[in-house]
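The structure appears right after this line, and notes come after that.
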Amino acid sequence: MKHAQVTVLGAHSAFPAKNSYPTAQALQMKGHLFLIDCGEGTQRQLRKARIRFSSINRIFISHLHGDHFFGLIGLISTYQLMGREAPLSIYSPRGLKKIIELQLVYACYSSSYPIEFIELNSLTSEKIWEDDTISVQTIPLKHRIYTNGFLFKEKPNPRRLNVREIKKYPEITYKQYVALKNGEDLLSNNQKIENTHLTLDPPEPLSYAFCSDTSYHRGIVEEIQGVNLLYHESTYLDSEAERAAITGHSTAKQAAMIAKEAQVKKLLLGHYSQRFPDIKKFEREAQKIFRKSEAVKTLRRYLIE
């Protein structure tokens with residue numbers, strides 16, 4: 001997992017079809033493997049993508065419509081059959097804990113591993129998890145029920161050592177490398193050496209925004225400003241804009257408008273309605289407004305850069 005990337009496991013809306021899968025994505029970032037939504041068939045798609053799903057320790061569920069979480073109980077049960085012992089954390093709207101616990105009770109399952117449910121109900125953006133390398137916060141969306149998107153942001157990277165310059169100062173010890181990476185200047189032979197002389201700028205932190213089911217909502221623009229990669233639902237084409245508004249969804253054109261205003265680096269489109277079998281139509285519609293738009297395909301990996 002050297003590169004930050006997202007693997008699209010499913011990219012269609014609720015209606016089942018032979019060659020389409022509902023929403024699920026696997027995000028690899030800074031050594032973590034996150035699962036975002038878990039529609040029916042997610043386990044099969046993880047297998048096809050050759051993703052070791054036993055490495056997933058955190059799952060983020062956007063909302064409680066079935067095409068975004070009906071695959072979760074199967075995954076939880078498979079972990080049980082595998083003898084999993086590592087804790088599993090699930091971030092979701094309030095209510096999912098009760099649903100899953102009832103399913104486990106009536107299936108007579110006794111979990112071999114701890115499951116922590118972090119149930120969300122805030123109508124404003126909030127940080128829900130972080131470690132030394134990444135933070136995750138919610139993106140409140142506008143759908144028919146309580147729904148969140150998720151923003152994954154790398155924390156600033158340490159500076160890189162300029163080995164060529166450091167070799168000119170043999171008195172610099174290995175222990176001082178940490179200070180250099182943290183941006184500190186050094187004192188050598190009673191002379192100050194500027195940090196920028198011994199180090200190089202680090203790579204810019206990366207960010208990924210996942211915007212699940214939502215009607216056109218300019219309120220998210222500030223929160224996703226400048227992200228490297230934005231996934232935004234585009235259930236309909238502009239010809240069905242009225243239906244999109246009624247059902248709490250967006251068109252490809254509207255997704256592109258959000259991407260352009262937020263000045264993101266690249267836009268991914270998904271959650272296609274079965275009304276439109278040619279997904280290239282979504283791409284062409286969005287590209288008229290935001291050139292770096294792409295209609296996602298299942299089992300395709302997309303770099304975050």
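Labeling convention for the structure tokens: chains A, B, ... as they appear, residues from 1 per chain, ligands from 1 in order of appearance.
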
All strand (DSSP E or B) residues (DSSP, backbone) inside region 106-291 of chain A, as a ChimeraX atom specification: /A:115-120,127-130,134-140,148-154,160-161,186-188,191-193,199-200,207-211,229-233,236,251,267-270,272

What parts of region 78-282 of chain A does DSSP call helix (DSSP H, G or I)? I'd like the answer as number ranges by chain. A: 78-81, 96-106, 163-166, 176-181, 195-198, 218-220, 238-247, 252-262, 280-282

Margin query: Residues near Ala245 (chain A), anyone? I mean within 9 Å using only C-alpha atoms, not counting same-chain ones fewer than 4 positions away, as a PyMOL selection string.
Written below: chain A and resi 215-216+240-241+249-250

Any chance you can output those residues with N, CA and C atoms as a PDB file, in the first residue's frame?
ATOM      1  N   SER A 215     -28.729  15.349  -2.469  1.00  0.00           N
ATOM      2  CA  SER A 215     -29.180  16.296  -3.479  1.00  0.00           C
ATOM      3  C   SER A 215     -28.103  17.364  -3.643  1.00  0.00           C
ATOM      4  N   TYR A 216     -28.247  18.196  -4.646  1.00  0.00           N
ATOM      5  CA  TYR A 216     -27.276  19.262  -4.885  1.00  0.00           C
ATOM      6  C   TYR A 216     -27.183  20.130  -3.635  1.00  0.00           C
ATOM      7  N   GLU A 240     -32.955  14.318 -16.007  1.00  0.00           N
ATOM      8  CA  GLU A 240     -33.792  13.840 -14.904  1.00  0.00           C
ATOM      9  C   GLU A 240     -33.552  14.674 -13.639  1.00  0.00           C
ATOM     10  N   ALA A 241     -33.227  15.948 -13.815  1.00  0.00           N
ATOM     11  CA  ALA A 241     -32.911  16.807 -12.671  1.00  0.00           C
ATOM     12  C   ALA A 241     -34.087  16.921 -11.698  1.00  0.00           C
ATOM     13  N   HIS A 249     -31.211  13.122  -4.745  1.00  0.00           N
ATOM     14  CA  HIS A 249     -29.985  12.723  -5.435  1.00  0.00           C
ATOM     15  C   HIS A 249     -29.455  13.867  -6.280  1.00  0.00           C
ATOM     16  N   SER A 250     -28.325  13.630  -6.939  1.00  0.00           N
ATOM     17  CA  SER A 250     -27.680  14.647  -7.771  1.00  0.00           C
ATOM     18  C   SER A 250     -27.544  14.147  -9.205  1.00  0.00           C
TER      19      SER A 250
END

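Nearest-residue note for Glu305 (chain A): choosing from A:Lys281, A:His197, A:Arg275, A:Lys265, the minimum distance belongs to A:Lys265, counting only C-alpha atoms.
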
Near-region 138-149 of chain A list (8 Å; only C-alpha atoms; drop same-chain fewer than 5 positions) as a list in words:
Ser62, His63, Leu64, Pro93, Asn121, Leu123, Thr124, Ser125, Glu126, Lys127, Ile128, Ala209, Phe210, Cys211, Ser212, Asp213, Thr214, Ser215, Tyr216, His217, Ile220, Glu223, Thr247, Gly248 and His249 of chain A

Quick one: everything within 8 Å of region 157-171 of chain A, counting only C-alpha atoms, minus sequence neighbours fewer than 6 positions away in the same chain. Send it as a PyMOL selection string. chain A and resi 177+180-183+188+197-205

Take the residues from that selection and put them in a file with N, CA and C atoms, as a short mmCIF file (atom, residue, chain, number, x, y, z; two decimals), in the first residue's frame.
data_model
loop_
_atom_site.label_atom_id
_atom_site.label_comp_id
_atom_site.auth_asym_id
_atom_site.auth_seq_id
_atom_site.Cartn_x
_atom_site.Cartn_y
_atom_site.Cartn_z
N TYR A 177 18.65 13.38 13.16
CA TYR A 177 17.81 13.28 11.96
C TYR A 177 16.33 13.56 12.30
N LEU A 180 15.69 17.18 12.47
CA LEU A 180 15.68 17.76 11.12
C LEU A 180 14.35 17.50 10.43
N LYS A 181 13.85 16.27 10.54
CA LYS A 181 12.58 15.93 9.92
C LYS A 181 11.43 16.74 10.51
N ASN A 182 11.57 17.13 11.75
CA ASN A 182 10.54 17.94 12.41
C ASN A 182 10.68 19.43 12.11
N GLY A 183 11.66 19.78 11.28
CA GLY A 183 11.80 21.16 10.85
C GLY A 183 12.71 22.02 11.71
N SER A 188 25.98 23.46 14.76
CA SER A 188 27.18 22.67 14.49
C SER A 188 28.41 23.57 14.57
N HIS A 197 18.47 24.01 4.57
CA HIS A 197 19.72 23.68 3.90
C HIS A 197 19.99 22.18 3.94
N LEU A 198 19.40 21.51 4.95
CA LEU A 198 19.68 20.09 5.16
C LEU A 198 18.50 19.18 4.82
N THR A 199 17.37 19.78 4.52
CA THR A 199 16.18 18.97 4.22
C THR A 199 15.49 19.48 2.96
N LEU A 200 14.58 18.66 2.49
CA LEU A 200 13.77 18.99 1.32
C LEU A 200 12.30 19.05 1.74
N ASP A 201 11.52 19.81 0.98
CA ASP A 201 10.09 19.90 1.28
C ASP A 201 9.46 18.52 1.20
N PRO A 202 8.56 18.21 2.12
CA PRO A 202 7.88 16.91 2.09
C PRO A 202 6.77 16.91 1.04
N PRO A 203 6.27 15.74 0.66
CA PRO A 203 5.12 15.70 -0.23
C PRO A 203 3.91 16.34 0.46
N GLU A 204 3.07 16.98 -0.32
CA GLU A 204 1.87 17.60 0.24
C GLU A 204 0.93 16.52 0.78
N PRO A 205 0.28 16.77 1.91
CA PRO A 205 -0.69 15.80 2.43
C PRO A 205 -1.83 15.59 1.43
#

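Restricting the calculation to only C-alpha atoms, the smallest distance between Phe290 (chain A) and any of A:Lys266, A:His32, A:His65, A:Arg44 is found for A:Lys266.
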
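Once Asp67 (chain A) and its same-chain neighbours fewer than 5 positions away are set aside, A:Ala14, A:Pro22, A:Gly39 remain within 6 Å of it when counting only C-alpha atoms.
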
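In this structure, CA of Arg94 (chain A) sits 19.6 Å away from CA of Ala24 (chain A).
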